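Participant: File name upload-v5.cif; file contents mmCIF, C-alpha atoms (C1' of nucleotides); full text below.
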```cif
data_target
loop_
_atom_site.label_atom_id
_atom_site.label_comp_id
_atom_site.auth_asym_id
_atom_site.auth_seq_id
_atom_site.Cartn_x
_atom_site.Cartn_y
_atom_site.Cartn_z
CA MET H 1 192.62 223.18 118.56
CA GLN H 2 195.08 220.37 117.95
CA SER H 3 197.86 221.49 120.30
CA ASP H 4 199.79 218.48 119.04
CA PRO H 5 198.19 215.91 116.79
CA ASP H 6 200.78 213.29 117.78
CA VAL H 7 199.90 213.47 121.45
CA PRO H 8 196.44 212.02 122.04
CA SER H 9 194.33 213.49 124.79
CA PRO H 10 194.83 212.15 128.31
CA ALA H 11 191.33 210.71 128.27
CA ARG H 12 192.05 208.86 125.10
CA ARG H 13 195.24 207.44 126.48
CA ARG H 14 193.45 206.24 129.58
CA THR H 15 190.74 204.32 127.78
CA ARG H 16 193.34 202.92 125.47
CA GLN H 17 195.29 201.55 128.40
CA THR H 18 192.12 200.25 130.03
CA ILE H 19 191.24 198.34 126.89
CA ILE H 20 194.72 196.86 126.57
CA GLU H 21 194.67 195.81 130.19
CA ALA H 22 191.26 194.19 129.77
CA ALA H 23 192.38 192.48 126.59
CA ILE H 24 195.43 190.91 128.21
CA ALA H 25 193.44 189.76 131.21
CA ALA H 26 190.74 188.30 129.00
CA TRP H 27 193.11 186.65 126.57
CA VAL H 28 195.05 184.96 129.34
CA ARG H 29 191.85 183.27 130.42
CA ASP H 30 190.48 182.53 126.97
CA ARG H 31 192.11 183.09 123.64
CA ASP H 32 188.77 183.08 121.88
CA VAL H 33 187.10 185.95 123.69
CA THR H 34 185.03 188.25 121.59
CA LEU H 35 185.95 191.86 121.12
CA SER H 36 182.53 192.61 122.60
CA GLU H 37 183.47 190.76 125.75
CA ILE H 38 186.80 192.55 125.96
CA ALA H 39 185.02 195.87 125.56
CA ASP H 40 182.51 194.91 128.25
CA HIS H 41 185.28 193.85 130.58
CA ALA H 42 186.93 197.20 129.95
CA GLY H 43 183.68 198.95 130.78
CA THR H 44 183.40 200.48 127.34
CA HIS H 45 181.62 199.93 124.07
CA ARG H 46 182.78 197.77 121.19
CA ALA H 47 182.62 200.72 118.81
CA THR H 48 185.00 202.62 121.08
CA LEU H 49 187.38 199.70 121.02
CA HIS H 50 187.37 199.81 117.25
CA ARG H 51 188.08 203.53 117.33
CA HIS H 52 191.28 202.82 119.24
CA PHE H 53 192.17 199.61 117.46
CA PRO H 54 190.81 199.26 113.93
CA GLY H 55 190.99 195.50 114.05
CA ARG H 56 191.57 192.61 116.36
CA ALA H 57 195.13 192.31 115.10
CA ASP H 58 195.93 195.88 116.13
CA LEU H 59 194.74 195.28 119.65
CA LEU H 60 196.80 192.14 119.77
CA VAL H 61 199.96 193.92 118.70
CA ALA H 62 199.39 196.71 121.21
CA SER H 63 198.85 194.17 123.98
CA ILE H 64 201.99 192.31 123.00
CA ARG H 65 204.05 195.49 123.00
CA HIS H 66 202.62 196.52 126.35
CA SER H 67 203.45 193.13 127.87
CA ILE H 68 206.94 193.08 126.43
CA GLY H 69 207.52 196.55 127.82
CA GLU H 70 206.56 195.52 131.32
CA ILE H 71 208.65 192.38 131.17
CA ALA H 72 211.58 194.40 129.90
CA ASP H 73 211.14 196.86 132.76
CA ALA H 74 211.09 194.04 135.28
CA THR H 75 214.19 192.53 133.72
CA GLU H 76 215.90 195.88 133.80
CA ALA H 77 215.07 196.31 137.48
CA ALA H 78 216.67 192.96 138.27
CA ALA H 79 220.06 194.37 137.26
CA ILE H 80 221.25 191.03 135.98
CA THR H 81 224.64 192.32 134.92
CA GLN H 82 225.47 193.02 138.56
CA GLY H 83 226.81 190.62 141.16
CA PRO H 84 227.22 186.85 141.21
CA PRO H 85 225.31 185.07 138.43
CA VAL H 86 223.26 182.90 140.76
CA ASP H 87 222.09 185.89 142.77
CA ALA H 88 221.27 187.75 139.60
CA LEU H 89 219.36 184.76 138.35
CA ASN H 90 217.31 184.63 141.52
CA ARG H 91 216.46 188.28 141.15
CA LEU H 92 215.51 187.68 137.55
CA VAL H 93 213.19 184.78 138.37
CA ALA H 94 211.56 186.85 141.09
CA ALA H 95 211.09 189.69 138.64
CA TYR H 96 209.59 187.39 136.05
CA LEU H 97 207.11 186.05 138.55
CA THR H 98 205.79 189.53 139.22
CA VAL H 99 204.88 189.82 135.55
CA GLY H 100 203.78 186.22 135.30
CA ASP H 101 200.44 187.08 133.77
CA ARG H 102 202.14 188.96 130.94
CA ILE H 103 204.44 186.05 130.34
CA ARG H 104 201.52 183.68 130.19
CA PHE H 105 199.76 185.98 127.78
CA LEU H 106 202.75 186.02 125.47
CA PHE H 107 203.53 182.33 125.50
CA GLU H 108 200.26 180.62 126.17
CA ASP H 109 199.47 180.38 122.51
CA HIS H 110 201.60 179.86 119.45
CA THR H 111 199.61 182.40 117.49
CA VAL H 112 200.84 185.03 119.92
CA ALA H 113 204.25 183.54 120.68
CA ASN H 114 205.15 183.35 117.00
CA HIS H 115 203.81 186.80 116.25
CA PRO H 116 206.34 189.08 114.59
CA ALA H 117 205.93 191.60 117.38
CA VAL H 118 207.30 189.04 119.83
CA ALA H 119 210.44 188.64 117.75
CA GLN H 120 211.52 191.99 119.13
CA PHE H 121 211.67 190.12 122.39
CA ALA H 122 214.98 188.55 121.42
CA ALA H 123 216.52 191.88 122.35
CA VAL H 124 215.37 191.32 125.91
CA GLY H 125 216.65 187.76 125.94
CA GLY H 126 220.20 188.63 124.97
CA PRO H 127 221.44 189.80 128.36
CA VAL H 128 219.78 186.81 129.98
CA ILE H 129 221.73 184.40 127.82
CA ASP H 130 224.86 186.36 128.70
CA LEU H 131 224.07 185.96 132.37
CA ILE H 132 223.61 182.23 132.01
CA ARG H 133 226.85 181.85 130.12
CA ARG H 134 228.61 183.85 132.79
CA GLY H 135 227.34 181.45 135.43
CA GLN H 136 228.28 178.46 133.34
CA ALA H 137 231.76 179.86 132.90
CA ASP H 138 232.38 180.20 136.63
CA GLY H 139 230.75 176.86 137.36
CA THR H 140 227.79 178.10 139.36
CA ILE H 141 225.29 177.28 136.65
CA ASP H 142 225.08 173.87 135.04
CA PRO H 143 227.49 173.95 132.06
CA THR H 144 226.40 170.52 130.82
CA VAL H 145 223.18 171.77 129.25
CA PRO H 146 222.67 174.39 126.53
CA SER H 147 222.15 177.93 127.78
CA ALA H 148 219.12 178.26 125.57
CA TRP H 149 217.55 175.34 127.40
CA ILE H 150 218.28 176.91 130.76
CA GLU H 151 216.50 180.04 129.69
CA ARG H 152 213.63 178.02 128.31
CA SER H 153 213.23 175.98 131.47
CA MET H 154 213.21 179.14 133.55
CA TRP H 155 210.37 180.53 131.49
CA ALA H 156 208.51 177.25 131.75
CA LEU H 157 208.74 177.12 135.53
CA VAL H 158 207.83 180.76 135.99
CA TYR H 159 204.87 180.16 133.72
CA ALA H 160 203.82 177.13 135.75
CA ALA H 161 204.21 178.94 139.05
CA SER H 162 202.17 181.91 137.89
CA GLU H 163 199.45 179.58 136.71
CA ALA H 164 199.59 177.61 139.95
CA VAL H 165 198.98 180.77 141.94
CA ASP H 166 196.04 181.65 139.75
CA ASP H 167 194.30 178.31 140.12
CA GLY H 168 195.06 177.96 143.80
CA THR H 169 197.63 175.17 143.58
CA LEU H 170 200.15 177.48 145.22
CA ALA H 171 199.48 180.20 147.75
CA ALA H 172 200.73 183.60 146.66
CA HIS H 173 203.28 183.87 149.46
CA GLU H 174 204.83 180.45 148.87
CA ALA H 175 205.11 180.73 145.11
CA LEU H 176 208.43 182.55 144.98
CA PRO H 177 210.43 180.42 147.43
CA VAL H 178 209.05 177.24 145.94
CA LEU H 179 209.83 178.42 142.44
CA LEU H 180 213.37 179.47 143.31
CA ARG H 181 213.97 176.18 145.03
CA THR H 182 212.84 174.16 142.01
CA VAL H 183 214.67 176.28 139.47
CA SER H 184 217.90 176.13 141.44
CA ASP H 185 217.98 172.61 142.79
CA GLY H 186 215.32 170.59 140.98
CA ILE H 187 213.21 168.11 142.86
CA VAL H 188 215.64 165.33 143.80
CA ARG H 189 217.51 165.42 147.12
CA HIS H 190 220.81 163.65 147.65
CA PRO H 191 220.92 162.78 151.35
CA ARG H 192 224.49 161.49 151.32
CA ARG H 193 226.06 164.74 150.24
CA ASP H 194 223.48 167.35 151.08
CA SER H 195 220.53 166.70 153.31
CA SER H 196 219.12 170.22 153.43
CA MET D 1 174.52 144.81 106.45
CA GLN D 2 174.71 145.29 110.15
CA SER D 3 176.70 142.30 111.39
CA ASP D 4 177.03 144.36 114.55
CA PRO D 5 175.84 147.94 114.63
CA ASP D 6 178.13 148.79 117.55
CA VAL D 7 181.28 147.76 115.72
CA PRO D 8 182.04 150.19 112.90
CA SER D 9 183.73 148.85 109.81
CA PRO D 10 187.53 148.65 109.79
CA ALA D 11 187.71 151.24 107.04
CA ARG D 12 185.61 153.60 109.08
CA ARG D 13 187.78 153.13 112.11
CA ARG D 14 190.89 153.83 110.08
CA THR D 15 189.73 157.13 108.64
CA ARG D 16 188.46 158.09 112.05
CA GLN D 17 191.89 157.54 113.55
CA THR D 18 193.54 159.36 110.66
CA ILE D 19 191.35 162.37 111.25
CA ILE D 20 192.01 162.40 114.99
CA GLU D 21 195.74 162.14 114.38
CA ALA D 22 195.63 165.01 111.90
CA ALA D 23 193.53 167.09 114.27
CA ILE D 24 195.96 166.72 117.15
CA ALA D 25 198.93 167.50 114.95
CA ALA D 26 197.20 170.54 113.49
CA TRP D 27 195.89 171.82 116.79
CA VAL D 28 199.28 171.62 118.43
CA ARG D 29 200.60 173.96 115.78
CA ASP D 30 197.61 176.27 115.62
CA ARG D 31 194.58 176.31 117.83
CA ASP D 32 192.54 178.10 115.18
CA VAL D 33 192.89 175.70 112.26
CA THR D 34 189.85 175.24 110.15
CA LEU D 35 188.09 171.93 109.92
CA SER D 36 188.77 172.15 106.21
CA GLU D 37 192.48 172.32 106.88
CA ILE D 38 192.33 169.41 109.28
CA ALA D 39 190.46 167.38 106.69
CA ASP D 40 193.01 168.30 104.03
CA HIS D 41 195.85 167.38 106.34
CA ALA D 42 194.14 164.05 106.93
CA GLY D 43 193.86 163.53 103.18
CA THR D 44 190.10 163.47 103.28
CA HIS D 45 187.13 165.72 102.64
CA ARG D 46 185.50 168.06 105.11
CA ALA D 47 182.14 166.35 104.61
CA THR D 48 183.69 163.04 105.60
CA LEU D 49 185.06 164.64 108.72
CA HIS D 50 181.57 165.80 109.63
CA ARG D 51 180.25 162.29 109.06
CA HIS D 52 182.60 161.02 111.74
CA PHE D 53 182.35 164.01 114.03
CA PRO D 54 179.13 166.02 113.78
CA GLY D 55 180.76 169.15 115.13
CA ARG D 56 184.08 170.62 116.02
CA ALA D 57 183.41 169.90 119.68
CA ASP D 58 183.02 166.19 119.01
CA LEU D 59 186.35 166.01 117.24
CA LEU D 60 187.92 167.87 120.11
CA VAL D 61 186.59 165.44 122.68
CA ALA D 62 187.71 162.45 120.64
CA SER D 63 191.18 163.95 120.27
CA ILE D 64 191.38 164.63 123.99
CA ARG D 65 190.35 161.08 124.86
CA HIS D 66 192.83 159.69 122.38
CA SER D 67 195.65 161.77 123.85
CA ILE D 68 194.75 160.91 127.41
CA GLY D 69 194.72 157.25 126.49
CA GLU D 70 198.21 157.38 125.06
CA ILE D 71 199.56 159.33 128.02
CA ALA D 72 197.93 156.84 130.37
CA ASP D 73 199.51 153.96 128.46
CA ALA D 74 202.92 155.59 128.67
CA THR D 75 202.45 156.19 132.39
CA GLU D 76 201.40 152.61 132.85
CA ALA D 77 204.48 151.36 131.03
CA ALA D 78 206.71 153.38 133.36
CA ALA D 79 205.61 151.17 136.26
CA ILE D 80 205.90 153.99 138.74
CA THR D 81 204.82 151.88 141.69
CA GLN D 82 207.95 149.77 141.30
CA GLY D 83 211.42 150.44 142.66
CA PRO D 84 212.99 153.55 144.21
CA PRO D 85 210.95 156.73 143.75
CA VAL D 86 213.70 158.65 141.99
CA ASP D 87 214.21 155.88 139.46
CA ALA D 88 210.49 155.63 138.90
CA LEU D 89 210.33 159.35 138.44
CA ASN D 90 213.04 159.26 135.82
CA ARG D 91 211.16 156.55 133.95
CA LEU D 92 208.01 158.62 134.20
CA VAL D 93 209.63 161.75 132.81
CA ALA D 94 211.12 159.73 129.96
CA ALA D 95 207.71 158.26 129.24
CA TYR D 96 206.09 161.68 129.26
CA LEU D 97 208.62 163.00 126.81
CA THR D 98 207.70 160.29 124.30
CA VAL D 99 204.14 161.57 124.32
CA GLY D 100 205.20 165.20 124.53
CA ASP D 101 203.09 166.24 121.57
CA ARG D 102 199.95 164.87 123.24
CA ILE D 103 200.82 166.69 126.42
CA ARG D 104 201.28 169.92 124.55
CA PHE D 105 197.99 169.41 122.79
CA LEU D 106 196.18 168.96 126.10
CA PHE D 107 197.75 171.82 127.99
CA GLU D 108 198.66 174.37 125.38
CA ASP D 109 195.32 176.07 125.62
CA HIS D 110 192.98 176.67 128.51
CA THR D 111 189.99 175.88 126.38
CA VAL D 112 191.29 172.35 126.06
CA ALA D 113 192.96 172.07 129.46
CA ASN D 114 189.77 173.07 131.25
CA HIS D 115 187.59 170.88 129.11
CA PRO D 116 185.44 168.45 131.12
CA ALA D 117 186.96 165.54 129.23
CA VAL D 118 190.35 166.41 130.69
CA ALA D 119 188.96 166.22 134.21
CA GLN D 120 189.02 162.46 133.79
CA PHE D 121 192.75 162.94 133.71
CA ALA D 122 192.86 163.32 137.47
CA ALA D 123 192.55 159.55 137.58
CA VAL D 124 195.89 159.30 135.81
CA GLY D 125 197.49 161.82 138.12
CA GLY D 126 196.66 159.98 141.33
CA PRO D 127 199.46 157.40 141.23
CA VAL D 128 201.93 160.12 140.27
CA ILE D 129 201.13 162.12 143.38
CA ASP D 130 201.49 158.91 145.37
CA LEU D 131 204.92 158.39 143.86
CA ILE D 132 206.01 161.91 144.72
CA ARG D 133 204.79 161.56 148.29
CA ARG D 134 206.65 158.29 148.57
CA GLY D 135 209.84 159.99 147.52
CA GLN D 136 209.22 162.90 149.87
CA ALA D 137 208.66 160.46 152.71
CA ASP D 138 211.99 158.73 152.24
CA GLY D 139 213.79 162.00 151.64
CA THR D 140 214.82 161.43 148.03
CA ILE D 141 212.38 164.01 146.69
CA ASP D 142 212.22 167.56 148.00
CA PRO D 143 209.75 167.50 150.92
CA THR D 144 209.82 171.28 151.36
CA VAL D 145 207.55 171.97 148.39
CA PRO D 146 203.97 170.78 147.77
CA SER D 147 203.67 167.54 145.84
CA ALA D 148 201.17 169.16 143.51
CA TRP D 149 203.82 171.71 142.58
CA ILE D 150 206.37 168.99 141.88
CA GLU D 151 203.94 167.31 139.53
CA ARG D 152 203.16 170.64 137.91
CA SER D 153 206.79 171.55 137.40
CA MET D 154 207.46 168.16 135.84
CA TRP D 155 204.71 168.74 133.32
CA ALA D 156 206.02 172.21 132.61
CA LEU D 157 209.56 171.02 131.92
CA VAL D 158 208.43 168.08 129.80
CA TYR D 159 206.27 170.51 127.86
CA ALA D 160 209.19 172.86 127.37
CA ALA D 161 211.54 170.08 126.31
CA SER D 162 209.09 168.71 123.80
CA GLU D 163 208.62 172.15 122.37
CA ALA D 164 212.36 172.76 122.31
CA VAL D 165 212.88 169.64 120.23
CA ASP D 166 210.19 170.73 117.83
CA ASP D 167 211.65 174.16 117.22
CA GLY D 168 215.24 172.99 117.10
CA THR D 169 216.44 174.47 120.39
CA LEU D 170 217.30 170.96 121.53
CA ALA D 171 218.46 168.05 119.40
CA ALA D 172 216.27 164.99 119.74
CA HIS D 173 219.01 162.86 121.26
CA GLU D 174 219.98 165.37 123.94
CA ALA D 175 216.47 166.23 125.05
CA LEU D 176 215.99 163.41 127.52
CA PRO D 177 219.30 163.66 129.41
CA VAL D 178 219.04 167.44 129.55
CA LEU D 179 215.46 167.23 130.77
CA LEU D 180 216.24 164.66 133.44
CA ARG D 181 219.18 166.71 134.62
CA THR D 182 217.09 169.86 134.98
CA VAL D 183 214.16 168.13 136.61
CA SER D 184 216.37 166.37 139.12
CA ASP D 185 218.99 168.93 139.98
CA GLY D 186 217.83 172.29 138.67
CA ILE D 187 220.27 174.64 137.06
CA VAL D 188 222.50 175.79 139.93
CA ARG D 189 225.68 173.89 140.75
CA HIS D 190 227.21 173.95 144.24
CA PRO D 191 230.96 173.43 143.72
CA ARG D 192 231.78 173.15 147.39
CA ARG D 193 229.64 170.09 148.06
CA ASP D 194 229.11 168.56 144.65
CA SER D 195 231.17 169.44 141.64
CA SER D 196 229.67 166.92 139.21
"C1'" DG M 1 179.97 139.63 90.53
"C1'" DC M 2 177.01 142.08 93.48
"C1'" DT M 3 175.58 144.55 97.39
"C1'" DT M 4 176.73 147.45 101.08
"C1'" DT M 5 179.32 150.99 102.87
"C1'" DC M 6 182.17 154.74 102.75
"C1'" DT M 7 184.05 158.67 100.54
"C1'" DG M 8 184.56 162.71 97.20
"C1'" DC M 9 182.38 166.66 95.69
"C1'" DG M 10 179.96 170.72 95.46
"C1'" DA M 11 175.84 173.44 96.63
"C1'" DC M 12 173.32 175.52 100.15
"C1'" DA M 13 171.77 177.72 104.47
"C1'" DT M 14 173.20 179.50 108.89
"C1'" DC M 15 175.44 181.88 112.33
"C1'" DA M 16 178.68 184.49 114.95
"C1'" DA M 17 182.28 187.74 114.88
"C1'" DT M 18 184.03 191.59 112.71
"C1'" DG M 19 184.27 196.14 110.90
"C1'" DT M 20 181.81 200.64 109.55
"C1'" DC M 21 178.81 204.47 110.14
"C1'" DG M 22 175.83 208.38 111.82
"C1'" DC M 23 173.97 210.61 115.51
"C1'" DA M 24 173.19 211.90 120.27
"C1'" DT M 25 175.31 212.68 124.60
"C1'" DA M 26 178.71 213.20 128.03
"C1'" DT M 27 183.07 214.80 129.34
"C1'" DC M 28 187.25 217.37 129.17
"C1'" DG M 29 190.05 221.57 128.78
"C1'" DA M 30 190.47 226.46 128.44
"C1'" DT O 1 180.51 228.76 129.93
"C1'" DC O 2 181.73 227.07 125.51
"C1'" DG O 3 183.86 224.38 121.96
"C1'" DA O 4 186.22 220.26 120.90
"C1'" DT O 5 186.77 215.61 121.72
"C1'" DA O 6 185.59 211.06 123.17
"C1'" DT O 7 182.18 207.86 124.07
"C1'" DG O 8 177.54 205.34 124.02
"C1'" DC O 9 174.38 203.25 121.12
"C1'" DG O 10 172.30 200.81 117.63
"C1'" DA O 11 171.91 199.69 112.69
"C1'" DC O 12 174.09 197.75 108.82
"C1'" DA O 13 176.97 194.99 105.57
"C1'" DT O 14 180.54 191.60 105.21
"C1'" DT O 15 183.04 187.68 105.85
"C1'" DG O 16 184.56 183.14 107.07
"C1'" DA O 17 183.69 178.96 109.45
"C1'" DT O 18 180.31 175.65 110.30
"C1'" DG O 19 176.89 172.23 109.52
"C1'" DT O 20 173.60 169.78 106.16
"C1'" DC O 21 172.30 167.49 102.04
"C1'" DG O 22 172.00 164.69 97.71
"C1'" DC O 23 174.25 162.30 94.36
"C1'" DA O 24 177.83 159.78 92.06
"C1'" DG O 25 181.83 156.98 92.25
"C1'" DA O 26 185.14 154.04 94.67
"C1'" DA O 27 186.19 150.46 97.85
"C1'" DA O 28 185.30 146.77 100.82
"C1'" DG O 29 183.00 142.45 102.13
"C1'" DC O 30 180.47 138.23 100.96
#
```
Show me, as C-alpha cells, the structure contained in the file I just sent.
Facilitator:
Amino acid sequence: MQSDPDVPSPARRRTRQTIIEAAIAAWVRDRDVTLSEIADHAGTHRATLHRHFPGRADLLVASIRHSIGEIADATEAAAITQGPPVDALNRLVAAYLTVGDRIRFLFEDHTVANHPAVAQFAAVGGPVIDLIRRGQADGTIDPTVPSAWIERSMWALVYAASEAVDDGTLAAHEALPVLLRTVSDGIVRHPRRDSS
Amino acid sequence: MQSDPDVPSPARRRTRQTIIEAAIAAWVRDRDVTLSEIADHAGTHRATLHRHFPGRADLLVASIRHSIGEIADATEAAAITQGPPVDALNRLVAAYLTVGDRIRFLFEDHTVANHPAVAQFAAVGGPVIDLIRRGQADGTIDPTVPSAWIERSMWALVYAASEAVDDGTLAAHEALPVLLRTVSDGIVRHPRRDSS
DNA sequence: GCTTTCTGCGACATCAATGTCGCATATCGA
DNA sequence: TCGATATGCGACATTGATGTCGCAGAAAGC
C-alpha cells in the first residue's frame, strides 16, 4: 500500500531511533561493543539492527549525524549571536554540558572524530569562532591566545565535566557552576587584585 | 647460555622497547591498529612481536606501564612539593605537556583508562592532590571547586594542548604559554580589575 | 671461529564479529 | 477483521585478526 515509500512507518522510525540511542550510549562506554550487545541494549535482535543499518559503518554514521543534530540544536538554543560575548559564552557552555554525552561520543575516539561525517561539524563551529573573536575584539575574552585554542579548551573542559559527572567525581548539580568557573577564570586566584 | 635467566639480553630489551614505542605511537593515532601494523611500524615481524608479548593484552599492559613510568618521572622532576603552589603547578603542567602523547595514550580510550594497570596511577596522583589542596589552603588556587576537579581539568587541558600541537592548531612553541595561561586564568578577561 | 640467541618468514589453525537469509510470528493501520 | 509490515529467531558463510609453530638465516657474545 506504499502511501509514500520515502516515509518509513512510524514503528520503523521508532526502532531506528531506539537503536541509535542504544548505540551512542554503548559506544560512549566502550568503543568495541559488539553489534549484538548494542541490539540487546536496544531490546531488539541483531538481525533487526542489520535491517535498519546494513553495516556497522552505517550505524556509526547515523549515530554521528544524530549527535551532531542535537549539539547543533543546543547551540542554536543558546543564541550566541545575542548579547555580550561572555554571557553568550556561558550560555553556550551550559548548552554543551546538556549534550555532554553526545560530545563525548563524537570526540572520545579518533576513528569517530576524524570521520568524514564529523567534518560537517565545522558548519556548527563557525558561529562559535565568531563569538570568540567578538569577545576578543572587545577585550572580554583573552585576545592573547588563538581563538581556535579557546574553542578547543572549551570542548575539553565540557568533555571533562561531563565525564566527571558520569563517574561521580562531580555531583550533577555542581557540574555547571564549577565548569563555568574554570572555563572563565581558570584555577589560580590572585588575592592582591581579586580575592573572590 | 643463561648467565642470568632474569636478565634478558640487551638485544632483546632493545627490540622490546622499540615495539612498545611503536605500539604507543600507533595506538594514539588509532585504537584499532593491527598487531601486524604495529610490528611493521616497529620495523620487525609480527611473530617477533608475539615472542615478546604473547597476546595483545600483554603488549597493552607493557605500554601502559611504560607510559605511567615516564609520566611519573616527569612529575618527579617537577618537584611539586617545593616552593609556592602556583609555581609548582606551572612546572607540573609544563612537565605533563612534555609527555602529552603518553597522557593521550592512557586516557584517549576508556578501555585503556579503566584498565587495572592504570589504577596504579592513583599513586602518582596523590602528591598532585596534596599540591592543589596546599594552594587552596593559602588561597592561591580556587578553593570553591573540588580539588579532584582541578586535577581533572588540568589533565583535560594538557590533553587538548598536546592534541592541538599534533594537528597543527597550535604551534609547538606557543603551546606551553597558551596552556599555562588558560589553566591559570581561564578565557575571560575582567578589564575593570585586571587588564593584563 | 663457534655457539647461543634472536629474528625473519611463511604456513596453519582458531575464533569472534560481521553480514545474509528464510521462515514464523507479532504488530500496526485501515 | 484483514493485509501489510516489522520483528524475532536461528542457521549459515565469510572475513580478518590473532596466536602457534618450525625452520633457516643473521647477529651477538665468548
Participant: List the neighbours of Ser36 in chain H out to 12 Å using only C-alpha atoms (C1' of nucleotides); skip same-chain residues closer than 5 positions along the sequence, and give me the result as a PyMOL selection string.
Facilitator: (chain H and resi 19+22-23+26+41-50+56) or (chain M and resi 16-18)
Participant: Quick check: residues of chain M within 12 Å of chain H, only C-alpha atoms (C1' of nucleotides), returned as a PyMOL selection string.
Facilitator: chain M and resi 16-21+27-30
Participant: When you get a sec, could you note down which chain O residues fall within 9 Å of chain D, using all atoms listed in the file, as a ChimeraX atom specification?
Facilitator: /O:17-19,28
Participant: Please give the root-mean-square deviation of the Cα atoms once chain H has been least-squares fitted onto chain D, pairing every Cα in order.
Facilitator: 0.1 Å
Participant: I need the output of the PyMOL selection byres ((chain M and resi 12) around 12) for this file as a PyMOL selection string; which residues are they?
Facilitator: (chain M and resi 10-11+13-14) or (chain O and resi 19-22)
Participant: Assuming the chain letters and numbering stay as they are in my file, what does the PyMOL selection byres ((chain H and resi 142) around 6) actually select? List them as a PyMOL selection string.
Facilitator: (chain H and resi 136+141+143-144) or (chain D and resi 187-189)
Participant: Rounded to one decimal in Å, what is the spacing between CA of Glu70 in chain H and CA of Glu174 in chain H?
Facilitator: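 That distance, rounded to one decimal, is 23.2 Å.
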Participant: As a check of understanding, name the residues that the PyMOL selection byres ((chain H and resi 81) around 12) selects in the supplied structure, as a compact mmCIF listing (two decimals) with C-alpha atoms, in the frame of the given file.
Facilitator:
```txt
# COMPACT_ATOMS: atom_id res chain seq x y z
CA THR H 75 214.19 192.53 133.72
CA GLU H 76 215.90 195.88 133.80
CA ALA H 77 215.07 196.31 137.48
CA ALA H 78 216.67 192.96 138.27
CA ALA H 79 220.06 194.37 137.26
CA ILE H 80 221.25 191.03 135.98
CA GLN H 82 225.47 193.02 138.56
CA GLY H 83 226.81 190.62 141.16
CA PRO H 84 227.22 186.85 141.21
CA PRO H 85 225.31 185.07 138.43
CA VAL H 86 223.26 182.90 140.76
CA ASP H 87 222.09 185.89 142.77
CA ALA H 88 221.27 187.75 139.60
CA LEU H 89 219.36 184.76 138.35
CA ARG H 91 216.46 188.28 141.15
CA LEU H 92 215.51 187.68 137.55
CA GLY H 126 220.20 188.63 124.97
CA PRO H 127 221.44 189.80 128.36
CA VAL H 128 219.78 186.81 129.98
CA ILE H 129 221.73 184.40 127.82
CA ASP H 130 224.86 186.36 128.70
CA LEU H 131 224.07 185.96 132.37
CA ILE H 132 223.61 182.23 132.01
CA ARG H 133 226.85 181.85 130.12
CA ARG H 134 228.61 183.85 132.79
CA GLY H 135 227.34 181.45 135.43
```
Participant: Just give me the gap between C1' of DG22 in chain M and C1' of DC9 in chain O in Å, one decimal is fine.
Facilitator: 10.7 Å
Participant: Determine the nearest neighbour of chain H from the options D:Met154, D:Ala25, D:Val145, D:Val165, counting only C-alpha atoms.
Facilitator: D:Val145
Participant: Could you tell me how far CA of Ser67 in chain H lies from CA of Arg102 in chain H, in Å and to one decimal?
Facilitator: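 Taking CA of Ser67 in chain H as the start and CA of Arg102 in chain H as the end point, the length is 5.3 Å.
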Participant: Excluding DA24 in chain O and residues on its chain fewer than 2 positions from it, collect all residues at most 10 Å away from it, counting only C-alpha atoms (C1' of nucleotides), and give them as a list of chain:residue names.
Facilitator: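 Surrounding residues, per the criterion: M:DG8, M:DC9, O:DG22, O:DA26.
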Participant: Any idea what's packed within 10 Å of Ala62 in chain H, counting all atoms listed in the file, ignoring anything in its chain fewer than 2 positions away? Could you give it as a ChimeraX atom specification?
Facilitator: /H:16-17,20,23-24,53,57-60,64-68,117
Participant: Using C-alpha atoms, can you write the selected residues to a file as a PDB file, in the frame of the given file?
Facilitator:
```pdb
ATOM      1  CA  ARG H  16     193.340 202.920 125.470  1.00  0.00           C
ATOM      2  CA  GLN H  17     195.290 201.550 128.400  1.00  0.00           C
ATOM      3  CA  ILE H  20     194.720 196.860 126.570  1.00  0.00           C
ATOM      4  CA  ALA H  23     192.380 192.480 126.590  1.00  0.00           C
ATOM      5  CA  ILE H  24     195.430 190.910 128.210  1.00  0.00           C
ATOM      6  CA  PHE H  53     192.170 199.610 117.460  1.00  0.00           C
ATOM      7  CA  ALA H  57     195.130 192.310 115.100  1.00  0.00           C
ATOM      8  CA  ASP H  58     195.930 195.880 116.130  1.00  0.00           C
ATOM      9  CA  LEU H  59     194.740 195.280 119.650  1.00  0.00           C
ATOM     10  CA  LEU H  60     196.800 192.140 119.770  1.00  0.00           C
ATOM     11  CA  ILE H  64     201.990 192.310 123.000  1.00  0.00           C
ATOM     12  CA  ARG H  65     204.050 195.490 123.000  1.00  0.00           C
ATOM     13  CA  HIS H  66     202.620 196.520 126.350  1.00  0.00           C
ATOM     14  CA  SER H  67     203.450 193.130 127.870  1.00  0.00           C
ATOM     15  CA  ILE H  68     206.940 193.080 126.430  1.00  0.00           C
ATOM     16  CA  ALA H 117     205.930 191.600 117.380  1.00  0.00           C
TER      17      ALA H 117
END
```
Participant: Ranking D:His173, D:Asp30, D:Pro116, D:Ser147 by minimum distance to chain H and counting all atoms listed in the file, which one comes first?
Facilitator: D:Asp30
Participant: Put the listed atoms of range 2-11 of chain M in a box along x, y and z with 3 Å added on every side and give me the centre and edge lengths in Å to one decimal, as JSON.
Facilitator:
```
{"center_x": 180.1, "center_y": 157.8, "center_z": 98.2, "size_x": 15.0, "size_y": 37.4, "size_z": 15.4}
```
Participant: Return the single residue from D:His110, D:Arg104, D:Arg13, D:His115 that is closest to chain H, with distances computed using all atoms listed in the file.
Facilitator: D:His110
